[in-house]
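Enquirer: I have a structure I would like to understand better, so I am pasting it below and will then ask my questions one at a time.
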Amino acid sequence: MKNITVLKGDGIGPEICKEVVRILETLNLDLNFELHEVGEACYEKTGALIPQSVFDSIEKNKIVLKAPITTPIGKGFKSLNVQLRNKYDLYANIRPAKSMPNVKTPFDNIDIITFRENTEDLYIGEETMIDENTVHAIKLITRGASERIIRAAFDYAVKNNRKKVTCVHKANILKLSDGMFLNIFNEIKGDYPQIEATDMIVDNTCMQLVMRPEQFDIMVMPNLYGDIVSDLTSGLIGGLGLLPSSNLGDDFALFEAVHGSAPDIAGQNKANPTALLLAACLMLDYLGYETEATKIRTAIDDVLIENKVRTADLGGSSSTTEFSDAIIAKL
Ligand code: NAI
Ligand code: MG
């Protein structure tokens, strides 16, 4: 029996998490889900956003399924997401955006995977108040972290029969930092002659993504651009309710939705659980349960095609629970 650490999160987190675990349990796999509270609810009870028991569970199980957590702004908290990514060296944040059937968007055949470097760049959070009108923020780019995310993107391309990797950067302005990232990309691409390798400046990339997204296959980029550009790719397939992500390191793996805790719709049982459910599918793939992951993906497609049950973000009026019931009925 394999144990999975499940973090219930804040806002819509507990609502979508409950449904995703319910769906996973109908498959009767050899998996045990250890549910933990983290985030605001936990802070109020224990004084810690993540209690020690959660770290212990993660260290024991090494696989985490995580619902979104609210990061309080301006209260001196370091983002829990950033903390977890750093503590467990989850250096590759992989965000696959794939068109879903019967979800209306301007494009039908989006299939773009963002590889976001997950441990450095401006996300190290080193900001210094120089004087009351001036702040310095440090953008850290290192050879080691750049090499491993770029290799992860190319290795994934080879293994999964993908054709092209695009390096996204701003090396025209950030000549040393992004310049090094791009140079490393250009060194490494020589090891993968079968994969087309190209690079594009991040602002142009955004325009190209909304005009001609079919030119993209796999994209690899530093942390901040990856955060922003992957939300853009979620817009191409119908919104944040649909985009999952893997956060992979050498020893630990964490799977989550790309979206946040959506406080505007929290507690109303109307969030779309699909992104977290697709993240659970990425976890099943990772654990070798590819057949079961495919079953869930097919069930999601079937429910969308049938179009009787659909959450509000996709133009329907069904609840989170109704959507999950429909998935379970298909399974
Ligand atoms: P958000 O992703 O929570 O929400 C943006 C918009 O998308 C909202 O209108 C929301 O209602 C909608 N939305 C998001 N997920 C949805 C779903 N599953 N179904 C239907 N609609 C959905 O972004 P926001 O509002 O900027 O952030 C809220 C909080 O979440 C912040 O505290 C932020 O720090 C945190 N956050 C946490 C993340 C994580 O735990 N991985 C990732 C992103 C943000
Ligand atoms: Mg984000």
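By convention here, the chains of the structure tokens are called A, B, ... in the order presented, each chain's residues are numbered starting at 1, and ligands are numbered starting at 1 in the order presented.
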Within 9 Å of Glu120 in chain A, counting only C-alpha atoms, which residues show up once you throw out same-chain ones fewer than 5 positions away? Write them as a PyMOL selection string, please.
Expert: chain A and resi 86+91+125+139-142+145+222-223
Enquirer: At a cut-off of 8 Å and counting only C-alpha atoms and all ligand atoms, what residues surround ligand 1? Please answer as a ChimeraX atom specification.
Expert: /A:9,11-12,16,66-73,79-81,239-242,256-266,270-276,311-313
Enquirer: At a cut-off of 6 Å, using only C-alpha atoms, what residues contact range 24-37 of chain A? Leave out same-chain residues fewer than 6 positions from it and give the result as a list of chain:residue names.
Expert: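 Once the nearby chain positions are removed, what remains is A:Met1, A:Lys2, A:Asn3, A:Ile4, A:Thr5, A:Val6, A:Leu7, A:Lys8.
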Enquirer: Could you pull out the residues in range 121-262 of chain A that DSSP calls alpha helix (DSSP H) from the backbone, as a PyMOL selection string?
Expert: chain A and resi 143-159+177-188+202-211+223-237
Enquirer: Can you tell me how far CA of Ile94 in chain A sits from CA of Ile296 in chain A, in Å to one decimal?
Expert: 19.6 Å
Enquirer: Between A:Lys98, A:Arg297, A:Lys164, A:Arg143, which is the closest to Asn183 in chain A once you count only C-alpha atoms?
Expert: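 Of all the options, A:Arg143 lies closest to Asn183 in chain A.
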Enquirer: Separation of CA of Ser245 in chain A and CA of Arg95 in chain A, in Å?
Expert: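 Going from CA of Ser245 in chain A over to CA of Arg95 in chain A, I get 4.6 Å.
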Enquirer: Sorted by chain and rising residue number, which residues of range 92-113 of chain A lie within 10 Å of range 193-215 of chain A, and what are their closest atom pairs and distances in Å to one decimal, counting only C-alpha atoms, as CSV?
Expert:
residue,atom,partner,partner_atom,distance
A:Pro106,CA,A:Val210,CA,9.1
A:Phe107,CA,A:Pro213,CA,8.3
A:Asp108,CA,A:Glu214,CA,9.7
A:Asn109,CA,A:Glu214,CA,7.5
A:Ile110,CA,A:Glu214,CA,6.6
A:Asp111,CA,A:Glu214,CA,8.0
A:Ile112,CA,A:Pro213,CA,8.3
Enquirer: What does the structure give for the distance between CA of Asn161 in chain A and CA of Met180 in chain A, in Å to one decimal?
Expert: 27.6 Å
Enquirer: Please identify all polymer residues within 8 Å of Gly249 in chain A, counting only C-alpha atoms, omitting same-chain residues fewer than 5 positions from it, and present them as a list in words.
Expert: Tyr88, Asp89, Leu90, Tyr91 and Ala92 of chain A
Enquirer: Can you write just those residues out, N, CA and C atoms, as a tab-separated table (two decimals), in the first residue's frame?
Expert:
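The resulting file, result05.tsv, is reproduced below:
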chain	number	residue	atom	x	y	z
A	88	TYR	N	11.94	20.73	-0.76
A	88	TYR	CA	12.04	19.39	-1.36
A	88	TYR	C	12.69	19.42	-2.74
A	89	ASP	N	13.29	20.57	-3.07
A	89	ASP	CA	14.03	20.74	-4.32
A	89	ASP	C	13.22	20.25	-5.53
A	90	LEU	N	11.98	20.73	-5.59
A	90	LEU	CA	11.08	20.35	-6.69
A	90	LEU	C	11.38	21.28	-7.87
A	91	TYR	N	12.42	20.97	-8.60
A	91	TYR	CA	12.97	21.97	-9.52
A	91	TYR	C	12.23	22.08	-10.85
A	92	ALA	N	11.48	21.05	-11.21
A	92	ALA	CA	10.80	21.10	-12.51
A	92	ALA	C	9.30	21.25	-12.33
Enquirer: Can you list, as an mmCIF file with C-alpha atoms, in the first residue's frame, every protein, DNA or RNA residue that comes within 9 Å of Val103 in chain A when you count only C-alpha atoms, leaving out same-chain residues fewer than 4 positions away?
Expert:
data_model
loop_
_atom_site.group_PDB
_atom_site.id
_atom_site.type_symbol
_atom_site.label_atom_id
_atom_site.label_comp_id
_atom_site.auth_asym_id
_atom_site.auth_seq_id
_atom_site.Cartn_x
_atom_site.Cartn_y
_atom_site.Cartn_z
ATOM 1 C CA SER A 99 -7.481 21.408 -25.412
ATOM 2 C CA ASP A 108 -9.043 23.425 -30.945
ATOM 3 C CA ILE A 237 -7.704 25.880 -23.244
ATOM 4 C CA GLY A 238 -10.594 27.422 -21.307
ATOM 5 C CA LEU A 304 -17.758 17.466 -21.175
ATOM 6 C CA ILE A 305 -18.931 15.994 -24.482
ATOM 7 C CA LEU A 314 -17.195 26.541 -18.325
#
Enquirer: Closest to ligand 2 among A:Asn93, A:Thr105, A:Thr46, A:Ser319, using only C-alpha atoms and all ligand atoms?
Expert: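 Going through A:Asn93, A:Thr105, A:Thr46, A:Ser319 one by one, the smallest distance to ligand 2 is for A:Asn93.
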Enquirer: Extract the full set of strand (DSSP E) residues from range 61-300 of chain A according to DSSP on the backbone, and format it as number ranges by chain.
Expert: A: 63-66, 92-98, 111-117, 127-131, 134-137, 164-169, 196-201, 218-221, 244-248, 253-257
Enquirer: Rank A:His169, A:Arg116, A:Lys163, A:Lys18 by their smallest atom-to-atom distance to ligand 2, using only C-alpha atoms and all ligand atoms, and report the top residue only.
Expert: A:Arg116
Enquirer: Choose the residue, out of A:Val303, A:Thr119, A:Ala280, A:Val309, that has the smallest atom-to-atom separation from Leu254 in chain A; count only C-alpha atoms.
Expert: A:Ala280
Enquirer: Do a neighbour search on Thr294 in chain A at 10 Å with only C-alpha atoms, toss out local chain neighbours closer than 4 positions, and write the hits as number ranges by chain.
Expert: A: 281-282, 284-285, 289-290, 298-300
Enquirer: Extract, using only C-alpha atoms, all DNA, RNA and protein residues at most 12 Å from Glu187 in chain A, discarding same-chain residues fewer than 2 positions from it, and format them as number ranges by chain.
Expert: A: 143, 146-147, 150-151, 180-185, 189-193, 197
Enquirer: Using N, CA and C atoms, can you write the selected residues to a file as a short mmCIF file (atom, residue, chain, number, x, y, z; two decimals), in the first residue's frame?
Expert:
data_model
loop_
_atom_site.label_atom_id
_atom_site.label_comp_id
_atom_site.auth_asym_id
_atom_site.auth_seq_id
_atom_site.Cartn_x
_atom_site.Cartn_y
_atom_site.Cartn_z
N ARG A 143 23.83 28.19 -13.15
CA ARG A 143 24.06 27.21 -14.19
C ARG A 143 23.41 25.86 -13.85
N SER A 146 19.62 25.94 -14.16
CA SER A 146 19.23 26.12 -15.55
C SER A 146 19.44 24.82 -16.33
N GLU A 147 20.60 24.21 -16.10
CA GLU A 147 20.90 22.96 -16.82
C GLU A 147 19.87 21.89 -16.54
N ILE A 150 16.44 22.60 -18.22
CA ILE A 150 16.52 22.51 -19.69
C ILE A 150 16.67 21.05 -20.12
N ARG A 151 17.50 20.30 -19.39
CA ARG A 151 17.63 18.86 -19.69
C ARG A 151 16.31 18.13 -19.45
N MET A 180 22.70 33.86 -19.74
CA MET A 180 23.30 32.57 -19.37
C MET A 180 22.31 31.42 -19.58
N PHE A 181 21.05 31.66 -19.20
CA PHE A 181 20.03 30.61 -19.38
C PHE A 181 19.96 30.21 -20.86
N LEU A 182 19.95 31.23 -21.73
CA LEU A 182 19.88 30.96 -23.17
C LEU A 182 21.15 30.27 -23.68
N ASN A 183 22.31 30.72 -23.19
CA ASN A 183 23.56 30.06 -23.62
C ASN A 183 23.56 28.59 -23.24
N ILE A 184 23.09 28.30 -22.02
CA ILE A 184 23.07 26.91 -21.57
C ILE A 184 22.12 26.10 -22.46
N PHE A 185 20.97 26.71 -22.78
CA PHE A 185 20.02 26.04 -23.70
C PHE A 185 20.72 25.71 -25.01
N LYS A 189 21.19 21.86 -26.37
CA LYS A 189 20.38 21.39 -27.50
C LYS A 189 21.18 20.50 -28.44
N GLY A 190 22.51 20.67 -28.48
CA GLY A 190 23.37 19.84 -29.32
C GLY A 190 23.30 18.36 -28.96
N ASP A 191 22.95 18.07 -27.69
CA ASP A 191 22.84 16.67 -27.26
C ASP A 191 21.54 16.02 -27.73
N TYR A 192 20.64 16.83 -28.31
CA TYR A 192 19.32 16.30 -28.71
C TYR A 192 19.03 16.66 -30.17
N PRO A 193 19.86 16.14 -31.10
CA PRO A 193 19.72 16.56 -32.50
C PRO A 193 18.36 16.23 -33.11
N ALA A 197 15.10 22.83 -31.80
CA ALA A 197 15.29 23.73 -30.66
C ALA A 197 15.31 25.16 -31.16
#
